file final33.pdb (PDB, C-alpha atoms)
ATOM      1  CA  SER A 329     120.125  90.116 100.561
ATOM      2  CA  GLN A 330     117.058  92.314 100.469
ATOM      3  CA  GLN A 331     116.418  94.837  97.764
ATOM      4  CA  GLY A 332     115.187  97.831  99.679
ATOM      5  CA  GLU A 333     112.943  99.495 102.132
ATOM      6  CA  GLU A 334     109.218  99.858 102.484
ATOM      7  CA  ASP A 335     107.575 102.770 104.166
ATOM      8  CA  PRO A 336     105.771 102.878 106.475
ATOM      9  CA  GLN A 337     106.558  99.656 108.347
ATOM     10  CA  ALA A 338     103.050  99.714 109.822
ATOM     11  CA  LEU A 339      99.877 101.556 108.893
ATOM     12  CA  SER A 340      96.529 101.659 110.688
ATOM     13  CA  ILE A 341      93.502 103.245 109.042
ATOM     14  CA  GLN A 342      89.719 103.207 109.230
ATOM     15  CA  GLU A 343      87.593 101.302 106.749
ATOM     16  CA  GLY A 344      86.835 103.447 103.708
ATOM     17  CA  GLU A 345      90.081 105.403 103.887
ATOM     18  CA  ASN A 346      92.876 105.092 101.355
ATOM     19  CA  ALA A 347      96.170 103.377 102.187
ATOM     20  CA  THR A 348      99.467 104.277 100.540
ATOM     21  CA  MET A 349     102.627 102.219 100.842
ATOM     22  CA  ASN A 350     106.007 103.106  99.398
ATOM     23  CA  CYS A 351     108.866 100.947  98.252
ATOM     24  CA  SER A 352     112.423 101.868  97.360
ATOM     25  CA  TYR A 353     114.930  99.611  95.648
ATOM     26  CA  LYS A 354     118.606  99.726  94.830
ATOM     27  CA  THR A 355     119.369  98.123  91.473
ATOM     28  CA  SER A 356     117.954  98.325  87.951
ATOM     29  CA  ILE A 357     114.844  96.258  87.466
ATOM     30  CA  ASN A 358     112.909  94.429  84.777
ATOM     31  CA  ASN A 359     109.681  94.766  86.718
ATOM     32  CA  LEU A 360     108.346  95.420  90.216
ATOM     33  CA  GLN A 361     105.599  93.372  91.802
ATOM     34  CA  TRP A 362     103.362  93.797  94.840
ATOM     35  CA  TYR A 363     102.195  90.904  97.005
ATOM     36  CA  ARG A 364      99.819  90.524  99.943
ATOM     37  CA  GLN A 365     100.331  88.074 102.784
ATOM     38  CA  ASN A 366      97.671  87.208 105.351
ATOM     39  CA  SER A 367      98.655  85.894 108.771
ATOM     40  CA  GLY A 368     102.049  84.493 107.767
ATOM     41  CA  ARG A 369     100.675  82.214 105.053
ATOM     42  CA  GLY A 370     101.323  82.236 101.316
ATOM     43  CA  LEU A 371     101.779  85.395  99.319
ATOM     44  CA  VAL A 372      99.220  86.503  96.770
ATOM     45  CA  HIS A 373     100.355  88.344  93.667
ATOM     46  CA  LEU A 374      98.518  91.655  93.334
ATOM     47  CA  ILE A 375      99.997  93.567  90.439
ATOM     48  CA  LEU A 376     103.109  93.775  88.257
ATOM     49  CA  ILE A 377     104.488  96.959  86.710
ATOM     50  CA  ARG A 378     107.227  96.853  84.096
ATOM     51  CA  SER A 379     110.207  99.174  84.082
ATOM     52  CA  ASN A 380     108.861 101.071  81.067
ATOM     53  CA  GLU A 381     105.490 101.709  82.733
ATOM     54  CA  ARG A 382     104.762 104.564  85.107
ATOM     55  CA  GLU A 383     101.327 103.717  86.454
ATOM     56  CA  LYS A 384      99.042 100.725  86.543
ATOM     57  CA  HIS A 385      95.561 100.074  87.933
ATOM     58  CA  SER A 386      93.795  96.921  89.023
ATOM     59  CA  GLY A 387      90.436  97.313  90.728
ATOM     60  CA  ARG A 388      91.021  99.345  93.908
ATOM     61  CA  LEU A 389      94.797  99.156  93.467
ATOM     62  CA  ARG A 390      96.960 101.798  91.857
ATOM     63  CA  VAL A 391     100.699 101.317  91.473
ATOM     64  CA  THR A 392     103.219 103.904  90.356
ATOM     65  CA  LEU A 393     106.833 103.416  89.407
ATOM     66  CA  ASP A 394     109.574 106.041  89.235
ATOM     67  CA  THR A 395     112.717 104.376  87.919
ATOM     68  CA  SER A 396     114.728 107.593  88.210
ATOM     69  CA  LYS A 397     114.110 107.581  91.966
ATOM     70  CA  LYS A 398     114.058 103.786  92.194
ATOM     71  CA  SER A 399     110.753 103.876  94.008
ATOM     72  CA  SER A 400     107.204 102.607  93.741
ATOM     73  CA  SER A 401     103.974 103.202  95.593
ATOM     74  CA  LEU A 402     100.862 101.095  96.117
ATOM     75  CA  LEU A 403      97.578 102.852  96.755
ATOM     76  CA  ILE A 404      94.577 100.905  98.013
ATOM     77  CA  THR A 405      91.420 102.967  97.708
ATOM     78  CA  ALA A 406      88.281 102.605  99.823
ATOM     79  CA  SER A 407      89.963 100.099 102.121
ATOM     80  CA  ARG A 408      88.072  97.224 103.731
ATOM     81  CA  ALA A 409      88.725  95.216 106.879
ATOM     82  CA  ALA A 410      89.606  92.290 104.591
ATOM     83  CA  ASP A 411      92.573  94.313 103.260
ATOM     84  CA  THR A 412      94.287  93.844 106.632
ATOM     85  CA  ALA A 413      97.519  92.038 105.748
ATOM     86  CA  SER A 414     101.221  92.536 105.126
ATOM     87  CA  TYR A 415     102.145  94.010 101.749
ATOM     88  CA  PHE A 416     105.492  93.408 100.077
ATOM     89  CA  CYS A 417     107.084  94.876  97.010
ATOM     90  CA  ALA A 418     109.421  92.610  95.086
ATOM     91  CA  THR A 419     111.826  93.385  92.279
ATOM     92  CA  ASP A 420     112.775  91.260  89.304
ATOM     93  CA  GLY A 421     116.210  92.390  88.159
ATOM     94  CA  VAL A 422     117.532  92.922  84.648
ATOM     95  CA  SER A 423     120.242  90.305  85.033
ATOM     96  CA  ASN A 424     117.895  87.554  83.855
ATOM     97  CA  THR A 425     118.649  85.298  86.795
ATOM     98  CA  GLY A 426     115.045  84.719  87.868
ATOM     99  CA  LYS A 427     115.623  86.178  91.331
ATOM    100  CA  LEU A 428     112.640  87.947  92.890
ATOM    101  CA  ILE A 429     113.829  89.975  95.864
ATOM    102  CA  PHE A 430     111.406  91.278  98.478
ATOM    103  CA  GLY A 431     111.295  94.520 100.398
ATOM    104  CA  GLN A 432     110.788  94.620 104.143
ATOM    105  CA  GLY A 433     107.006  94.922 103.921
ATOM    106  CA  THR A 434     104.257  97.136 105.313
ATOM    107  CA  THR A 435     101.754  95.793 107.821
ATOM    108  CA  LEU A 436      98.341  97.301 107.139
ATOM    109  CA  GLN A 437      95.505  97.221 109.653
ATOM    110  CA  VAL A 438      92.092  98.371 108.500
ATOM    111  CA  LYS A 439      89.704  98.947 111.376
ATOM    112  CA  PRO A 440      85.998  98.334 110.782
TER     113      PRO A 440
ATOM    114  CA  ASP B 311      94.492  74.414  88.220
ATOM    115  CA  THR B 312      95.991  77.730  89.312
ATOM    116  CA  GLU B 313      97.509  76.688  92.598
ATOM    117  CA  VAL B 314     100.792  75.695  94.136
ATOM    118  CA  THR B 315     100.234  72.946  96.696
ATOM    119  CA  GLN B 316     102.656  72.474  99.569
ATOM    120  CA  THR B 317     102.739  69.563 101.998
ATOM    121  CA  PRO B 318     102.833  69.216 104.898
ATOM    122  CA  LYS B 319     101.342  72.456 106.244
ATOM    123  CA  HIS B 320     103.068  71.986 109.593
ATOM    124  CA  LEU B 321     106.152  69.961 110.479
ATOM    125  CA  VAL B 322     107.936  69.445 113.780
ATOM    126  CA  MET B 323     111.260  67.645 113.547
ATOM    127  CA  GLY B 324     114.189  66.868 115.754
ATOM    128  CA  MET B 325     117.701  67.927 114.926
ATOM    129  CA  THR B 326     118.669  64.385 113.938
ATOM    130  CA  ASN B 327     115.644  63.740 111.735
ATOM    131  CA  LYS B 328     115.406  63.616 107.962
ATOM    132  CA  LYS B 329     112.275  65.022 106.417
ATOM    133  CA  SER B 330     111.103  66.402 103.082
ATOM    134  CA  LEU B 331     108.901  69.276 102.041
ATOM    135  CA  LYS B 332     106.903  68.848  98.857
ATOM    136  CA  CYS B 333     105.593  71.333  96.333
ATOM    137  CA  GLU B 334     103.437  70.698  93.271
ATOM    138  CA  GLN B 335     102.034  72.864  90.483
ATOM    139  CA  HIS B 336     100.124  72.000  87.309
ATOM    140  CA  MET B 337     100.133  75.384  85.594
ATOM    141  CA  GLY B 338     102.908  74.467  83.190
ATOM    142  CA  HIS B 339     105.267  76.889  84.930
ATOM    143  CA  ARG B 340     108.902  76.178  84.120
ATOM    144  CA  ALA B 341     110.512  78.009  87.041
ATOM    145  CA  MET B 342     110.103  76.965  90.681
ATOM    146  CA  TYR B 343     111.474  78.491  93.840
ATOM    147  CA  TRP B 344     112.035  77.866  97.529
ATOM    148  CA  TYR B 345     111.862  80.784  99.925
ATOM    149  CA  LYS B 346     112.404  80.899 103.696
ATOM    150  CA  GLN B 347     110.507  83.397 105.828
ATOM    151  CA  LYS B 348     111.125  84.184 109.478
ATOM    152  CA  ALA B 349     108.445  85.893 111.568
ATOM    153  CA  LYS B 350     107.856  89.552 110.669
ATOM    154  CA  LYS B 351     110.499  89.382 107.910
ATOM    155  CA  PRO B 352     110.250  89.252 104.127
ATOM    156  CA  PRO B 353     110.734  85.969 102.254
ATOM    157  CA  GLU B 354     114.361  85.181 101.465
ATOM    158  CA  LEU B 355     115.236  83.317  98.296
ATOM    159  CA  MET B 356     116.911  79.936  98.791
ATOM    160  CA  PHE B 357     116.845  78.109  95.440
ATOM    161  CA  VAL B 358     115.680  78.633  91.871
ATOM    162  CA  TYR B 359     114.962  75.835  89.424
ATOM    163  CA  SER B 360     114.570  76.706  85.773
ATOM    164  CA  TYR B 361     113.442  73.982  83.383
ATOM    165  CA  GLU B 362     114.115  71.399  86.105
ATOM    166  CA  LYS B 363     117.719  72.488  86.558
ATOM    167  CA  LEU B 364     119.085  74.235  89.616
ATOM    168  CA  SER B 365     120.014  77.726  88.460
ATOM    169  CA  ILE B 366     120.455  79.584  91.743
ATOM    170  CA  ASN B 367     121.581  78.474  95.195
ATOM    171  CA  GLU B 368     121.742  81.467  97.512
ATOM    172  CA  SER B 369     124.579  79.991  99.576
ATOM    173  CA  VAL B 370     122.137  77.781 101.464
ATOM    174  CA  PRO B 371     123.692  75.318 103.974
ATOM    175  CA  SER B 372     123.987  71.761 102.703
ATOM    176  CA  ARG B 373     121.530  70.526 105.331
ATOM    177  CA  PHE B 374     118.913  71.823 102.861
ATOM    178  CA  SER B 375     118.909  69.789  99.650
ATOM    179  CA  PRO B 376     116.522  70.691  96.819
ATOM    180  CA  GLU B 377     115.309  68.290  94.177
ATOM    181  CA  CYS B 378     113.165  68.759  91.076
ATOM    182  CA  PRO B 379     112.004  65.301  89.908
ATOM    183  CA  ASN B 380     109.913  66.740  87.050
ATOM    184  CA  SER B 381     108.441  69.999  85.814
ATOM    185  CA  SER B 382     105.534  69.823  88.282
ATOM    186  CA  LEU B 383     107.286  68.794  91.475
ATOM    187  CA  LEU B 384     109.813  70.409  93.764
ATOM    188  CA  ASN B 385     111.126  68.881  96.970
ATOM    189  CA  LEU B 386     113.250  70.233  99.777
ATOM    190  CA  HIS B 387     115.073  67.548 101.745
ATOM    191  CA  LEU B 388     115.978  68.449 105.299
ATOM    192  CA  HIS B 389     118.665  66.802 107.413
ATOM    193  CA  ALA B 390     120.361  67.728 110.675
ATOM    194  CA  LEU B 391     118.592  71.055 110.959
ATOM    195  CA  GLN B 392     119.154  73.569 113.731
ATOM    196  CA  PRO B 393     116.490  75.322 115.824
ATOM    197  CA  GLU B 394     117.271  78.573 113.983
ATOM    198  CA  ASP B 395     116.046  76.900 110.783
ATOM    199  CA  SER B 396     112.509  77.054 112.172
ATOM    200  CA  ALA B 397     110.544  79.216 109.737
ATOM    201  CA  LEU B 398     107.826  79.271 107.109
ATOM    202  CA  TYR B 399     109.076  77.632 103.907
ATOM    203  CA  LEU B 400     107.366  78.870 100.793
ATOM    204  CA  CYS B 401     107.362  77.332  97.358
ATOM    205  CA  ALA B 402     106.540  79.414  94.300
ATOM    206  CA  SER B 403     106.364  78.990  90.554
ATOM    207  CA  SER B 404     106.373  81.274  87.538
ATOM    208  CA  GLN B 405     106.291  81.014  83.788
ATOM    209  CA  GLY B 406     110.023  81.581  83.578
ATOM    210  CA  ARG B 407     112.067  83.893  81.390
ATOM    211  CA  ALA B 408     111.594  82.153  78.065
ATOM    212  CA  ARG B 409     107.825  82.597  78.251
ATOM    213  CA  GLY B 410     107.801  86.175  79.489
ATOM    214  CA  THR B 411     107.889  87.641  82.932
ATOM    215  CA  GLY B 412     104.888  87.518  85.188
ATOM    216  CA  GLY B 413     103.829  87.248  88.778
ATOM    217  CA  TYR B 414     104.795  84.335  90.939
ATOM    218  CA  THR B 415     102.242  81.910  92.363
ATOM    219  CA  PHE B 416     103.008  80.973  95.947
ATOM    220  CA  GLY B 417     101.905  77.996  97.967
ATOM    221  CA  SER B 418     100.532  78.391 101.492
ATOM    222  CA  GLY B 419     103.825  77.294 102.966
ATOM    223  CA  THR B 420     105.098  74.702 105.432
ATOM    224  CA  ARG B 421     105.587  75.968 108.957
ATOM    225  CA  LEU B 422     108.665  74.128 110.194
ATOM    226  CA  THR B 423     109.670  73.848 113.835
ATOM    227  CA  VAL B 424     113.004  72.261 114.711
ATOM    228  CA  VAL B 425     113.253  71.013 118.286
TER     229      VAL B 425
END

call {"tool": "encode", "arguments": {"input": "final33.pdb", "output": "structure tokens"}}
result
Amino acid sequence: SQQGEEDPQALSIQEGENATMNCSYKTSINNLQWYRQNSGRGLVHLILIRSNEREKHSGRLRVTLDTSKKSSSLLITASRAADTASYFCATDGVSNTGKLIFGQGTTLQVKP
Amino acid sequence: DTEVTQTPKHLVMGMTNKKSLKCEQHMGHRAMYWYKQKAKKPPELMFVYSYEKLSINESVPSRFSPECPNSSLLNLHLHALQPEDSALYLCASSQGRARGTGGYTFGSGTRLTVV
């Protein structure tokens, strides 16, 4: 079963613009993670935010978490053509089972 | 070594074949996972191994049989698969609960086609 929804499903922007992706989830979490996937290959871990954190930065990435709304957002600033990929949020629940459940994903296209 | 290595990268098998997917990591991670991903869909969890023991089986059909020979290796044995089992199979590892939560490291996957 999947944890939640990502919005938008697809996003197309010009190089240099910012890209924002949103993720909603359904159950209480221990942490929320964002991953990138290029061309249907392996996923790359981008950033992890814990349930007691509200915002986190890593390079051009900014992640926010609102546990009251069960939602998160990923902002990529000054996008590059190389950022073209699918982006997934994934939640690690509080039940201590080790299950990482993925959202539906956002496909980002950055045009040069 | 900060990678998860999966072999083979591509596999075509008939419905009566037996094959195995292999996954290896040398990061000292104590949790390993198999995920299945269909085109344009998110990865779906299949199995979780924690400290070499199967801790989660997400109601996966018995034609998929996982094995964890040691802390670095994870196999997925395939037998009598159906065409709808064609997908990208991803292996991942993480430090595991006892050593704190953290991001997962994924392999590049095995693209499986069942004919």

call {"tool": "closest_atom_pairs", "arguments": {"input": "final33.pdb", "of": "chain B", "to": "chain A", "cutoff": "6 Å", "atoms": "only C-alpha atoms", "output": "JSON lines"}}
result
{"residue": "B:Pro352", "atom": "CA", "partner": "A:Gln432", "partner_atom": "CA", "distance": 5.4}
{"residue": "B:Phe416", "atom": "CA", "partner": "A:Leu371", "partner_atom": "CA", "distance": 5.7}
{"residue": "B:Gly417", "atom": "CA", "partner": "A:Gly370", "partner_atom": "CA", "distance": 5.4}
{"residue": "B:Ser418", "atom": "CA", "partner": "A:Gly370", "partner_atom": "CA", "distance": 3.9}
{"residue": "B:Gly419", "atom": "CA", "partner": "A:Gly370", "partner_atom": "CA", "distance": 5.8}

call {"tool": "atom_distance", "arguments": {"input": "final33.pdb", "atom1": "CA of Gly338 in chain B", "atom2": "CA of Ser381 in chain B"}}
result
7.6 Å

call {"tool": "resolve_selection", "arguments": {"input": "final33.pdb", "expression": "the PyMOL selection byres ((chain B and resi 348) around 9)", "output": "short mmCIF file (atom, residue, chain, number, x, y, z; two decimals) with C-alpha atoms, in the frame of the given file"}}
result
data_model
loop_
_atom_site.label_atom_id
_atom_site.label_comp_id
_atom_site.auth_asym_id
_atom_site.auth_seq_id
_atom_site.Cartn_x
_atom_site.Cartn_y
_atom_site.Cartn_z
CA LYS B 346 112.40 80.90 103.70
CA GLN B 347 110.51 83.40 105.83
CA ALA B 349 108.44 85.89 111.57
CA LYS B 350 107.86 89.55 110.67
CA LYS B 351 110.50 89.38 107.91
CA PRO B 352 110.25 89.25 104.13
CA PRO B 353 110.73 85.97 102.25
CA GLU B 354 114.36 85.18 101.46
CA ASP B 395 116.05 76.90 110.78
CA SER B 396 112.51 77.05 112.17
CA ALA B 397 110.54 79.22 109.74
CA LEU B 398 107.83 79.27 107.11
CA TYR B 399 109.08 77.63 103.91
#

call {"tool": "residues_near_point", "arguments": {"input": "final33.pdb", "point": "(120.7, 73.9, 87.8)", "cutoff": "12 Å", "atoms": "all atoms listed in the file", "output": "list of chain:residue names"}}
result
A:Thr425, B:Ala341, B:Met342, B:Tyr343, B:Phe357, B:Val358, B:Tyr359, B:Ser360, B:Tyr361, B:Glu362, B:Lys363, B:Leu364, B:Ser365, B:Ile366, B:Asn367, B:Pro376, B:Glu377, B:Cys378

call {"tool": "residues_around", "arguments": {"input": "final33.pdb", "residues": "Ser372 in chain B", "least_positions_apart": "2", "cutoff": "10 Å", "atoms": "all atoms listed in the file", "output": "PyMOL selection string"}}
result
chain B and resi 369-370+374-376+387-391

call {"tool": "closest_residue", "arguments": {"input": "final33.pdb", "among": "A:Gly421, A:Arg390, A:Ile404, A:Lys398", "to": "Ala347 in chain A", "atoms": "all atoms listed in the file"}}
result
A:Ile404

call {"tool": "residues_around", "arguments": {"input": "final33.pdb", "residues": "Cys351 in chain A", "least_positions_apart": "4", "cutoff": "7 Å", "atoms": "only C-alpha atoms", "output": "NGL selection string"}}
result
:A and (333-335 or 399-401 or 417)

call {"tool": "atom_distance", "arguments": {"input": "final33.pdb", "atom1": "CA of Leu339 in chain A", "atom2": "CA of Thr355 in chain A"}}
result
26.4 Å

call {"tool": "atom_distance", "arguments": {"input": "final33.pdb", "atom1": "CA of Thr348 in chain A", "atom2": "CA of Asn366 in chain A"}}
result
17.8 Å

call {"tool": "resolve_selection", "arguments": {"input": "final33.pdb", "expression": "the PyMOL selection byres ((chain B and resi 325-337) around 9)", "output": "VMD selection string"}}
result
chain B and resid 311 to 318 321 323 to 324 338 to 340 381 to 393 399 to 405 417 420 424 to 425

call {"tool": "resolve_selection", "arguments": {"input": "final33.pdb", "expression": "the PyMOL selection byres ((chain A and resi 439) around 10)", "output": "PyMOL selection string"}}
result
chain A and resi 340-345+407-412+436-438+440

call {"tool": "closest_residue", "arguments": {"input": "final33.pdb", "among": "A:Pro336, A:Leu393, A:Ser367, A:Arg382", "to": "Met349 in chain A", "atoms": "only C-alpha atoms"}}
result
A:Pro336

call {"tool": "decode", "arguments": {"input": "final33.pdb", "residues": "range 353-372 of chain A", "atoms": "N, CA and C atoms", "output": "mmCIF file, in the first residue's frame"}}
result
data_model
loop_
_atom_site.group_PDB
_atom_site.id
_atom_site.type_symbol
_atom_site.label_atom_id
_atom_site.label_comp_id
_atom_site.auth_asym_id
_atom_site.auth_seq_id
_atom_site.Cartn_x
_atom_site.Cartn_y
_atom_site.Cartn_z
ATOM 1 N N TYR A 353 0.891 12.570 3.373
ATOM 2 C CA TYR A 353 0.939 11.197 3.875
ATOM 3 C C TYR A 353 -0.185 10.993 4.873
ATOM 4 N N LYS A 354 -0.373 9.734 5.272
ATOM 5 C CA LYS A 354 -1.601 9.420 6.017
ATOM 6 C C LYS A 354 -1.369 9.059 7.481
ATOM 7 N N THR A 355 -0.236 8.449 7.789
ATOM 8 C CA THR A 355 -0.044 7.962 9.159
ATOM 9 C C THR A 355 1.094 8.712 9.842
ATOM 10 N N SER A 356 1.213 8.551 11.138
ATOM 11 C CA SER A 356 2.299 9.195 11.886
ATOM 12 C C SER A 356 3.641 8.649 11.415
ATOM 13 N N ILE A 357 4.634 9.522 11.436
ATOM 14 C CA ILE A 357 5.927 9.142 10.881
ATOM 15 C C ILE A 357 7.058 9.367 11.875
ATOM 16 N N ASN A 358 8.133 8.645 11.664
ATOM 17 C CA ASN A 358 9.395 8.863 12.369
ATOM 18 C C ASN A 358 10.237 9.875 11.589
ATOM 19 N N ASN A 359 10.252 9.714 10.278
ATOM 20 C CA ASN A 359 10.922 10.684 9.427
ATOM 21 C C ASN A 359 10.335 10.605 8.026
ATOM 22 N N LEU A 360 10.662 11.597 7.204
ATOM 23 C CA LEU A 360 10.238 11.632 5.811
ATOM 24 C C LEU A 360 11.481 11.871 4.974
ATOM 25 N N GLN A 361 11.577 11.146 3.888
ATOM 26 C CA GLN A 361 12.775 11.219 3.045
ATOM 27 C C GLN A 361 12.374 11.564 1.617
ATOM 28 N N TRP A 362 13.273 12.191 0.902
ATOM 29 C CA TRP A 362 13.075 12.492 -0.519
ATOM 30 C C TRP A 362 14.166 11.781 -1.314
ATOM 31 N N TYR A 363 13.729 11.202 -2.460
ATOM 32 C CA TYR A 363 14.622 10.478 -3.342
ATOM 33 C C TYR A 363 14.447 10.982 -4.769
ATOM 34 N N ARG A 364 15.518 10.845 -5.546
ATOM 35 C CA ARG A 364 15.484 11.155 -6.978
ATOM 36 C C ARG A 364 15.738 9.870 -7.749
ATOM 37 N N GLN A 365 15.053 9.727 -8.874
ATOM 38 C CA GLN A 365 15.262 8.565 -9.730
ATOM 39 C C GLN A 365 15.390 9.043 -11.173
ATOM 40 N N ASN A 366 16.491 8.674 -11.796
ATOM 41 C CA ASN A 366 16.737 9.015 -13.199
ATOM 42 C C ASN A 366 16.395 7.820 -14.070
ATOM 43 N N SER A 367 15.581 8.050 -15.081
ATOM 44 C CA SER A 367 15.339 7.081 -16.149
ATOM 45 C C SER A 367 15.075 5.668 -15.651
ATOM 46 N N GLY A 368 14.262 5.508 -14.617
ATOM 47 C CA GLY A 368 13.873 4.192 -14.152
ATOM 48 C C GLY A 368 15.010 3.357 -13.582
ATOM 49 N N ARG A 369 16.074 3.976 -13.136
ATOM 50 C CA ARG A 369 17.158 3.237 -12.493
ATOM 51 C C ARG A 369 17.046 3.391 -10.983
ATOM 52 N N GLY A 370 18.152 3.215 -10.271
ATOM 53 C CA GLY A 370 18.107 3.245 -8.821
ATOM 54 C C GLY A 370 17.754 4.609 -8.261
ATOM 55 N N LEU A 371 17.250 4.602 -7.039
ATOM 56 C CA LEU A 371 16.897 5.846 -6.381
ATOM 57 C C LEU A 371 18.089 6.385 -5.602
ATOM 58 N N VAL A 372 18.187 7.684 -5.586
ATOM 59 C CA VAL A 372 19.262 8.362 -4.849
ATOM 60 C C VAL A 372 18.648 9.142 -3.701
#
